[in-house]
Amino acid sequence: MNTIVKVIIPAYNEENAIAKVIQDIPPIVDQIIVVNNNSTDNTYNVAKTAGATVINELKRGYGYACLSGMSYISSQETKPDIIVFL
């Protein structure tokens, strides 16, 4: 049985760092979810180009972003065994 691992990364104005973070995540991770937390820069596009699933959360705050990522995961058919927050 394979362990399903998903990573949630809340991100606010992280266009300069997000691609590097995504690239450093080990291949054991099945899905990287970046929660764009109402950024005013190009975080969304940079994360998408780096290969992440990107969702938007308009309410600013780490907690809102984490909950939005969890809500996204719970709406998916395949549930993970492990969820990691970065």
# chains A, B, ... in the order shown; residues from 1 in each chain; ligands from 1

$ residues_around --residues "Tyr12 of chain A" --least-positions-apart "5" --cutoff "9 Å" --atoms "only C-alpha atoms" --output "PyMOL selection string"
chain A and resi 35-41+43+60-62

$ residues_around --residues "Ala47 of chain A" --least-positions-apart "3" --cutoff "12 Å" --atoms "only C-alpha atoms" --output "PDB file with N, CA, C and O atoms, in the first residue's frame"
ATOM      1  N   ILE A   9       0.786  24.705   1.457  1.00  0.00           N
ATOM      2  CA  ILE A   9       1.675  25.840   1.695  1.00  0.00           C
ATOM      3  C   ILE A   9       0.852  27.123   1.641  1.00  0.00           C
ATOM      4  O   ILE A   9       0.481  27.571   0.546  1.00  0.00           O
ATOM      5  N   PRO A  10       0.533  27.718   2.790  1.00  0.00           N
ATOM      6  CA  PRO A  10      -0.087  29.036   2.762  1.00  0.00           C
ATOM      7  C   PRO A  10       0.948  30.042   2.261  1.00  0.00           C
ATOM      8  O   PRO A  10       2.109  30.000   2.690  1.00  0.00           O
ATOM      9  N   ALA A  11       0.542  30.923   1.359  1.00  0.00           N
ATOM     10  CA  ALA A  11       1.520  31.849   0.779  1.00  0.00           C
ATOM     11  C   ALA A  11       0.914  33.234   0.580  1.00  0.00           C
ATOM     12  O   ALA A  11      -0.155  33.381  -0.013  1.00  0.00           O
ATOM     13  N   TYR A  12       1.613  34.230   1.076  1.00  0.00           N
ATOM     14  CA  TYR A  12       1.223  35.623   0.877  1.00  0.00           C
ATOM     15  C   TYR A  12       2.441  36.374   0.353  1.00  0.00           C
ATOM     16  O   TYR A  12       3.462  36.496   1.041  1.00  0.00           O
ATOM     17  N   ASN A  13       2.336  36.838  -0.878  1.00  0.00           N
ATOM     18  CA  ASN A  13       3.412  37.605  -1.524  1.00  0.00           C
ATOM     19  C   ASN A  13       4.755  36.874  -1.454  1.00  0.00           C
ATOM     20  O   ASN A  13       5.747  37.399  -0.960  1.00  0.00           O
ATOM     21  N   GLU A  14       4.776  35.672  -1.972  1.00  0.00           N
ATOM     22  CA  GLU A  14       5.969  34.823  -1.944  1.00  0.00           C
ATOM     23  C   GLU A  14       6.519  34.529  -3.341  1.00  0.00           C
ATOM     24  O   GLU A  14       7.153  33.501  -3.548  1.00  0.00           O
ATOM     25  N   GLU A  15       6.283  35.419  -4.299  1.00  0.00           N
ATOM     26  CA  GLU A  15       6.702  35.138  -5.671  1.00  0.00           C
ATOM     27  C   GLU A  15       8.201  34.868  -5.797  1.00  0.00           C
ATOM     28  O   GLU A  15       8.617  34.133  -6.687  1.00  0.00           O
ATOM     29  N   ASN A  16       9.000  35.437  -4.945  1.00  0.00           N
ATOM     30  CA  ASN A  16      10.453  35.256  -5.049  1.00  0.00           C
ATOM     31  C   ASN A  16      10.955  33.949  -4.447  1.00  0.00           C
ATOM     32  O   ASN A  16      12.074  33.535  -4.729  1.00  0.00           O
ATOM     33  N   ALA A  17      10.150  33.298  -3.614  1.00  0.00           N
ATOM     34  CA  ALA A  17      10.618  32.099  -2.926  1.00  0.00           C
ATOM     35  C   ALA A  17       9.800  30.841  -3.228  1.00  0.00           C
ATOM     36  O   ALA A  17      10.316  29.733  -3.085  1.00  0.00           O
ATOM     37  N   ILE A  18       8.554  30.978  -3.643  1.00  0.00           N
ATOM     38  CA  ILE A  18       7.650  29.830  -3.704  1.00  0.00           C
ATOM     39  C   ILE A  18       8.128  28.738  -4.658  1.00  0.00           C
ATOM     40  O   ILE A  18       8.011  27.550  -4.356  1.00  0.00           O
ATOM     41  N   ALA A  19       8.687  29.095  -5.799  1.00  0.00           N
ATOM     42  CA  ALA A  19       9.149  28.073  -6.749  1.00  0.00           C
ATOM     43  C   ALA A  19      10.283  27.248  -6.148  1.00  0.00           C
ATOM     44  O   ALA A  19      10.324  26.025  -6.324  1.00  0.00           O
ATOM     45  N   LYS A  20      11.186  27.893  -5.413  1.00  0.00           N
ATOM     46  CA  LYS A  20      12.295  27.177  -4.773  1.00  0.00           C
ATOM     47  C   LYS A  20      11.778  26.209  -3.711  1.00  0.00           C
ATOM     48  O   LYS A  20      12.276  25.093  -3.591  1.00  0.00           O
ATOM     49  N   VAL A  21      10.790  26.648  -2.948  1.00  0.00           N
ATOM     50  CA  VAL A  21      10.199  25.779  -1.921  1.00  0.00           C
ATOM     51  C   VAL A  21       9.559  24.566  -2.581  1.00  0.00           C
ATOM     52  O   VAL A  21       9.769  23.423  -2.166  1.00  0.00           O
ATOM     53  N   ILE A  22       8.783  24.790  -3.629  1.00  0.00           N
ATOM     54  CA  ILE A  22       8.105  23.705  -4.337  1.00  0.00           C
ATOM     55  C   ILE A  22       9.122  22.715  -4.900  1.00  0.00           C
ATOM     56  O   ILE A  22       8.952  21.504  -4.786  1.00  0.00           O
ATOM     57  N   GLN A  23      10.178  23.223  -5.492  1.00  0.00           N
ATOM     58  CA  GLN A  23      11.195  22.362  -6.102  1.00  0.00           C
ATOM     59  C   GLN A  23      11.940  21.514  -5.066  1.00  0.00           C
ATOM     60  O   GLN A  23      12.442  20.442  -5.390  1.00  0.00           O
ATOM     61  N   ILE A  32       1.174  19.054  -4.130  1.00  0.00           N
ATOM     62  CA  ILE A  32       1.547  20.280  -3.434  1.00  0.00           C
ATOM     63  C   ILE A  32       0.438  21.289  -3.685  1.00  0.00           C
ATOM     64  O   ILE A  32       0.123  21.595  -4.844  1.00  0.00           O
ATOM     65  N   ILE A  33      -0.149  21.780  -2.610  1.00  0.00           N
ATOM     66  CA  ILE A  33      -1.245  22.729  -2.719  1.00  0.00           C
ATOM     67  C   ILE A  33      -0.775  24.053  -2.134  1.00  0.00           C
ATOM     68  O   ILE A  33      -0.483  24.139  -0.935  1.00  0.00           O
ATOM     69  N   VAL A  34      -0.675  25.060  -2.964  1.00  0.00           N
ATOM     70  CA  VAL A  34      -0.334  26.397  -2.499  1.00  0.00           C
ATOM     71  C   VAL A  34      -1.641  27.163  -2.343  1.00  0.00           C
ATOM     72  O   VAL A  34      -2.447  27.223  -3.273  1.00  0.00           O
ATOM     73  N   VAL A  35      -1.847  27.706  -1.158  1.00  0.00           N
ATOM     74  CA  VAL A  35      -3.023  28.537  -0.916  1.00  0.00           C
ATOM     75  C   VAL A  35      -2.577  29.987  -1.018  1.00  0.00           C
ATOM     76  O   VAL A  35      -1.892  30.509  -0.139  1.00  0.00           O
ATOM     77  N   ASN A  36      -2.923  30.603  -2.133  1.00  0.00           N
ATOM     78  CA  ASN A  36      -2.590  31.989  -2.376  1.00  0.00           C
ATOM     79  C   ASN A  36      -3.488  32.845  -1.488  1.00  0.00           C
ATOM     80  O   ASN A  36      -4.685  32.949  -1.709  1.00  0.00           O
ATOM     81  N   SER A  39      -2.572  37.430  -2.184  1.00  0.00           N
ATOM     82  CA  SER A  39      -1.313  38.081  -2.533  1.00  0.00           C
ATOM     83  C   SER A  39      -1.546  39.219  -3.523  1.00  0.00           C
ATOM     84  O   SER A  39      -2.466  39.177  -4.341  1.00  0.00           O
ATOM     85  N   ASP A  41       1.159  40.142  -5.399  1.00  0.00           N
ATOM     86  CA  ASP A  41       2.226  39.939  -6.370  1.00  0.00           C
ATOM     87  C   ASP A  41       1.879  38.752  -7.271  1.00  0.00           C
ATOM     88  O   ASP A  41       0.713  38.400  -7.420  1.00  0.00           O
ATOM     89  N   ASN A  42       2.856  38.115  -7.837  1.00  0.00           N
ATOM     90  CA  ASN A  42       2.654  37.055  -8.826  1.00  0.00           C
ATOM     91  C   ASN A  42       2.770  35.648  -8.219  1.00  0.00           C
ATOM     92  O   ASN A  42       3.095  34.706  -8.918  1.00  0.00           O
ATOM     93  N   THR A  43       2.500  35.516  -6.931  1.00  0.00           N
ATOM     94  CA  THR A  43       2.612  34.231  -6.239  1.00  0.00           C
ATOM     95  C   THR A  43       1.810  33.141  -6.942  1.00  0.00           C
ATOM     96  O   THR A  43       2.306  32.032  -7.150  1.00  0.00           O
ATOM     97  N   TYR A  44       0.574  33.435  -7.306  1.00  0.00           N
ATOM     98  CA  TYR A  44      -0.304  32.442  -7.929  1.00  0.00           C
ATOM     99  C   TYR A  44       0.350  31.840  -9.175  1.00  0.00           C
ATOM    100  O   TYR A  44       0.475  30.622  -9.291  1.00  0.00           O
ATOM    101  N   ALA A  50       5.436  26.318 -11.271  1.00  0.00           N
ATOM    102  CA  ALA A  50       6.352  25.395 -10.590  1.00  0.00           C
ATOM    103  C   ALA A  50       5.731  24.018 -10.379  1.00  0.00           C
ATOM    104  O   ALA A  50       6.400  23.110  -9.899  1.00  0.00           O
ATOM    105  N   GLY A  51       4.451  23.871 -10.700  1.00  0.00           N
ATOM    106  CA  GLY A  51       3.821  22.557 -10.640  1.00  0.00           C
ATOM    107  C   GLY A  51       2.846  22.335  -9.501  1.00  0.00           C
ATOM    108  O   GLY A  51       2.326  21.227  -9.346  1.00  0.00           O
ATOM    109  N   ALA A  52       2.571  23.352  -8.726  1.00  0.00           N
ATOM    110  CA  ALA A  52       1.642  23.199  -7.603  1.00  0.00           C
ATOM    111  C   ALA A  52       0.200  23.370  -8.058  1.00  0.00           C
ATOM    112  O   ALA A  52      -0.082  24.035  -9.056  1.00  0.00           O
ATOM    113  N   THR A  53      -0.703  22.770  -7.298  1.00  0.00           N
ATOM    114  CA  THR A  53      -2.113  23.100  -7.401  1.00  0.00           C
ATOM    115  C   THR A  53      -2.276  24.373  -6.596  1.00  0.00           C
ATOM    116  O   THR A  53      -1.844  24.444  -5.447  1.00  0.00           O
ATOM    117  N   VAL A  54      -2.864  25.399  -7.182  1.00  0.00           N
ATOM    118  CA  VAL A  54      -2.986  26.680  -6.490  1.00  0.00           C
ATOM    119  C   VAL A  54      -4.456  27.028  -6.315  1.00  0.00           C
ATOM    120  O   VAL A  54      -5.229  26.974  -7.269  1.00  0.00           O
ATOM    121  N   ILE A  55      -4.824  27.345  -5.083  1.00  0.00           N
ATOM    122  CA  ILE A  55      -6.171  27.812  -4.802  1.00  0.00           C
ATOM    123  C   ILE A  55      -6.076  29.176  -4.136  1.00  0.00           C
ATOM    124  O   ILE A  55      -5.034  29.534  -3.575  1.00  0.00           O
ATOM    125  N   ASN A  56      -7.129  29.944  -4.230  1.00  0.00           N
ATOM    126  CA  ASN A  56      -7.147  31.283  -3.647  1.00  0.00           C
ATOM    127  C   ASN A  56      -7.964  31.316  -2.369  1.00  0.00           C
ATOM    128  O   ASN A  56      -9.028  30.706  -2.295  1.00  0.00           O
TER     129      ASN A  56
END

$ select_by_dssp --residues "chain A" --states "helix (DSSP H, G or I)" --output "PyMOL selection string"
chain A and resi 18-23+43-49+62-74

$ write_last_selection --atoms "N, CA, C and O atoms" --output "mmCIF file, in the first residue's frame"
data_model
loop_
_atom_site.group_PDB
_atom_site.id
_atom_site.type_symbol
_atom_site.label_atom_id
_atom_site.label_comp_id
_atom_site.auth_asym_id
_atom_site.auth_seq_id
_atom_site.Cartn_x
_atom_site.Cartn_y
_atom_site.Cartn_z
ATOM 1 N N ILE A 18 8.554 30.978 -3.643
ATOM 2 C CA ILE A 18 7.650 29.830 -3.704
ATOM 3 C C ILE A 18 8.128 28.738 -4.658
ATOM 4 O O ILE A 18 8.011 27.550 -4.356
ATOM 5 N N ALA A 19 8.687 29.095 -5.799
ATOM 6 C CA ALA A 19 9.149 28.073 -6.749
ATOM 7 C C ALA A 19 10.283 27.248 -6.148
ATOM 8 O O ALA A 19 10.324 26.025 -6.324
ATOM 9 N N LYS A 20 11.186 27.893 -5.413
ATOM 10 C CA LYS A 20 12.295 27.177 -4.773
ATOM 11 C C LYS A 20 11.778 26.209 -3.711
ATOM 12 O O LYS A 20 12.276 25.093 -3.591
ATOM 13 N N VAL A 21 10.790 26.648 -2.948
ATOM 14 C CA VAL A 21 10.199 25.779 -1.921
ATOM 15 C C VAL A 21 9.559 24.566 -2.581
ATOM 16 O O VAL A 21 9.769 23.423 -2.166
ATOM 17 N N ILE A 22 8.783 24.790 -3.629
ATOM 18 C CA ILE A 22 8.105 23.705 -4.337
ATOM 19 C C ILE A 22 9.122 22.715 -4.900
ATOM 20 O O ILE A 22 8.952 21.504 -4.786
ATOM 21 N N GLN A 23 10.178 23.223 -5.492
ATOM 22 C CA GLN A 23 11.195 22.362 -6.102
ATOM 23 C C GLN A 23 11.940 21.514 -5.066
ATOM 24 O O GLN A 23 12.442 20.442 -5.390
ATOM 25 N N THR A 43 2.500 35.516 -6.931
ATOM 26 C CA THR A 43 2.612 34.231 -6.239
ATOM 27 C C THR A 43 1.810 33.141 -6.942
ATOM 28 O O THR A 43 2.306 32.032 -7.150
ATOM 29 N N TYR A 44 0.574 33.435 -7.306
ATOM 30 C CA TYR A 44 -0.304 32.442 -7.929
ATOM 31 C C TYR A 44 0.350 31.840 -9.175
ATOM 32 O O TYR A 44 0.475 30.622 -9.291
ATOM 33 N N ASN A 45 0.764 32.678 -10.101
ATOM 34 C CA ASN A 45 1.325 32.200 -11.370
ATOM 35 C C ASN A 45 2.659 31.489 -11.196
ATOM 36 O O ASN A 45 2.923 30.486 -11.865
ATOM 37 N N VAL A 46 3.498 31.989 -10.310
ATOM 38 C CA VAL A 46 4.799 31.358 -10.076
ATOM 39 C C VAL A 46 4.598 29.958 -9.497
ATOM 40 O O VAL A 46 5.239 28.997 -9.932
ATOM 41 N N ALA A 47 3.702 29.829 -8.532
ATOM 42 C CA ALA A 47 3.440 28.522 -7.922
ATOM 43 C C ALA A 47 2.840 27.555 -8.928
ATOM 44 O O ALA A 47 3.201 26.380 -8.974
ATOM 45 N N LYS A 48 1.923 28.030 -9.750
ATOM 46 C CA LYS A 48 1.287 27.192 -10.778
ATOM 47 C C LYS A 48 2.338 26.705 -11.774
ATOM 48 O O LYS A 48 2.380 25.523 -12.116
ATOM 49 N N THR A 49 3.180 27.596 -12.233
ATOM 50 C CA THR A 49 4.235 27.243 -13.184
ATOM 51 C C THR A 49 5.213 26.238 -12.584
ATOM 52 O O THR A 49 5.729 25.375 -13.287
ATOM 53 N N TYR A 62 -2.992 33.163 8.205
ATOM 54 C CA TYR A 62 -2.476 31.803 8.110
ATOM 55 C C TYR A 62 -3.571 30.769 8.366
ATOM 56 O O TYR A 62 -3.678 29.780 7.652
ATOM 57 N N GLY A 63 -4.382 31.003 9.372
ATOM 58 C CA GLY A 63 -5.453 30.058 9.705
ATOM 59 C C GLY A 63 -6.457 29.893 8.584
ATOM 60 O O GLY A 63 -6.862 28.769 8.259
ATOM 61 N N TYR A 64 -6.862 31.007 7.985
ATOM 62 C CA TYR A 64 -7.798 30.928 6.857
ATOM 63 C C TYR A 64 -7.193 30.142 5.704
ATOM 64 O O TYR A 64 -7.862 29.338 5.058
ATOM 65 N N ALA A 65 -5.913 30.381 5.436
ATOM 66 C CA ALA A 65 -5.250 29.680 4.337
ATOM 67 C C ALA A 65 -5.164 28.180 4.622
ATOM 68 O O ALA A 65 -5.421 27.358 3.744
ATOM 69 N N CYS A 66 -4.823 27.818 5.847
ATOM 70 C CA CYS A 66 -4.742 26.400 6.207
ATOM 71 C C CYS A 66 -6.102 25.727 6.079
ATOM 72 O O CYS A 66 -6.212 24.623 5.526
ATOM 73 N N LEU A 67 -7.140 26.371 6.596
ATOM 74 C CA LEU A 67 -8.488 25.813 6.507
ATOM 75 C C LEU A 67 -8.949 25.681 5.060
ATOM 76 O O LEU A 67 -9.615 24.714 4.690
ATOM 77 N N SER A 68 -8.590 26.631 4.231
ATOM 78 C CA SER A 68 -8.945 26.567 2.816
ATOM 79 C C SER A 68 -8.264 25.381 2.142
ATOM 80 O O SER A 68 -8.873 24.666 1.343
ATOM 81 N N GLY A 69 -7.009 25.150 2.480
ATOM 82 C CA GLY A 69 -6.291 23.994 1.944
ATOM 83 C C GLY A 69 -6.910 22.684 2.399
ATOM 84 O O GLY A 69 -7.075 21.743 1.610
ATOM 85 N N MET A 70 -7.306 22.614 3.664
ATOM 86 C CA MET A 70 -7.960 21.414 4.190
ATOM 87 C C MET A 70 -9.315 21.191 3.515
ATOM 88 O O MET A 70 -9.681 20.055 3.197
ATOM 89 N N SER A 71 -10.042 22.261 3.301
ATOM 90 C CA SER A 71 -11.342 22.162 2.631
ATOM 91 C C SER A 71 -11.166 21.636 1.216
ATOM 92 O O SER A 71 -11.941 20.786 0.747
ATOM 93 N N TYR A 72 -10.141 22.119 0.530
ATOM 94 C CA TYR A 72 -9.857 21.634 -0.822
ATOM 95 C C TYR A 72 -9.573 20.137 -0.797
ATOM 96 O O TYR A 72 -10.121 19.378 -1.596
ATOM 97 N N ILE A 73 -8.727 19.705 0.116
ATOM 98 C CA ILE A 73 -8.384 18.286 0.211
ATOM 99 C C ILE A 73 -9.619 17.448 0.519
ATOM 100 O O ILE A 73 -9.819 16.387 -0.066
ATOM 101 N N SER A 74 -10.463 17.922 1.425
ATOM 102 C CA SER A 74 -11.642 17.138 1.788
ATOM 103 C C SER A 74 -12.637 17.031 0.644
ATOM 104 O O SER A 74 -13.465 16.123 0.631
#

$ atom_distance --atom1 "atom CA of Asn2 of chain A" --atom2 "atom CA of Leu86 of chain A"
22.1 Å

$ select_by_dssp --residues "chain A" --states "strand (DSSP E)" --output "list of chain:residue names"
A:Val5, A:Lys6, A:Val7, A:Ile8, A:Ile9, A:Pro10, A:Ala11, A:Gln31, A:Ile32, A:Ile33, A:Val34, A:Val35, A:Asn36, A:Thr53, A:Val54, A:Ile55, A:Asn56, A:Ile82, A:Ile83, A:Val84, A:Phe85

$ residues_around --residues "Gln31 of chain A" --least-positions-apart "6" --cutoff "9 Å" --atoms "only C-alpha atoms" --output "list in words"
Ile4, Val5, Lys6, Val7, Ile8, Ala52 and Thr53 of chain A

$ decode --residues "segment 4-77 of chain A" --atoms "C-alpha atoms" --output "short mmCIF file (atom, residue, chain, number, x, y, z; two decimals), in the first residue's frame"
data_model
loop_
_atom_site.label_atom_id
_atom_site.label_comp_id
_atom_site.auth_asym_id
_atom_site.auth_seq_id
_atom_site.Cartn_x
_atom_site.Cartn_y
_atom_site.Cartn_z
CA ILE A 4 -0.57 9.34 0.03
CA VAL A 5 1.10 12.58 1.15
CA LYS A 6 -0.16 16.08 0.39
CA VAL A 7 1.52 19.36 1.30
CA ILE A 8 -0.32 22.62 1.99
CA ILE A 9 1.67 25.84 1.69
CA PRO A 10 -0.09 29.04 2.76
CA ALA A 11 1.52 31.85 0.78
CA TYR A 12 1.22 35.62 0.88
CA ASN A 13 3.41 37.60 -1.52
CA GLU A 14 5.97 34.82 -1.94
CA GLU A 15 6.70 35.14 -5.67
CA ASN A 16 10.45 35.26 -5.05
CA ALA A 17 10.62 32.10 -2.93
CA ILE A 18 7.65 29.83 -3.70
CA ALA A 19 9.15 28.07 -6.75
CA LYS A 20 12.29 27.18 -4.77
CA VAL A 21 10.20 25.78 -1.92
CA ILE A 22 8.10 23.70 -4.34
CA GLN A 23 11.19 22.36 -6.10
CA ASP A 24 12.73 21.25 -2.77
CA ILE A 25 9.76 19.12 -1.75
CA PRO A 26 10.70 15.43 -2.04
CA PRO A 27 9.08 13.21 -4.68
CA ILE A 28 7.26 11.14 -2.02
CA VAL A 29 4.69 13.98 -1.94
CA ASP A 30 1.71 13.28 -4.19
CA GLN A 31 0.35 16.82 -4.37
CA ILE A 32 1.55 20.28 -3.43
CA ILE A 33 -1.24 22.73 -2.72
CA VAL A 34 -0.33 26.40 -2.50
CA VAL A 35 -3.02 28.54 -0.92
CA ASN A 36 -2.59 31.99 -2.38
CA ASN A 37 -3.65 34.15 0.57
CA ASN A 38 -4.81 37.29 -1.27
CA SER A 39 -1.31 38.08 -2.53
CA THR A 40 -0.72 41.31 -4.41
CA ASP A 41 2.23 39.94 -6.37
CA ASN A 42 2.65 37.06 -8.83
CA THR A 43 2.61 34.23 -6.24
CA TYR A 44 -0.30 32.44 -7.93
CA ASN A 45 1.33 32.20 -11.37
CA VAL A 46 4.80 31.36 -10.08
CA ALA A 47 3.44 28.52 -7.92
CA LYS A 48 1.29 27.19 -10.78
CA THR A 49 4.23 27.24 -13.18
CA ALA A 50 6.35 25.40 -10.59
CA GLY A 51 3.82 22.56 -10.64
CA ALA A 52 1.64 23.20 -7.60
CA THR A 53 -2.11 23.10 -7.40
CA VAL A 54 -2.99 26.68 -6.49
CA ILE A 55 -6.17 27.81 -4.80
CA ASN A 56 -7.15 31.28 -3.65
CA GLU A 57 -8.20 32.34 -0.17
CA LEU A 58 -9.35 35.94 -0.06
CA LYS A 59 -9.43 36.25 3.74
CA ARG A 60 -5.90 37.05 4.84
CA GLY A 61 -4.37 35.04 7.63
CA TYR A 62 -2.48 31.80 8.11
CA GLY A 63 -5.45 30.06 9.71
CA TYR A 64 -7.80 30.93 6.86
CA ALA A 65 -5.25 29.68 4.34
CA CYS A 66 -4.74 26.40 6.21
CA LEU A 67 -8.49 25.81 6.51
CA SER A 68 -8.94 26.57 2.82
CA GLY A 69 -6.29 23.99 1.94
CA MET A 70 -7.96 21.41 4.19
CA SER A 71 -11.34 22.16 2.63
CA TYR A 72 -9.86 21.63 -0.82
CA ILE A 73 -8.38 18.29 0.21
CA SER A 74 -11.64 17.14 1.79
CA SER A 75 -13.47 17.87 -1.49
CA GLN A 76 -11.17 15.51 -3.40
CA GLU A 77 -12.08 11.89 -4.05
#
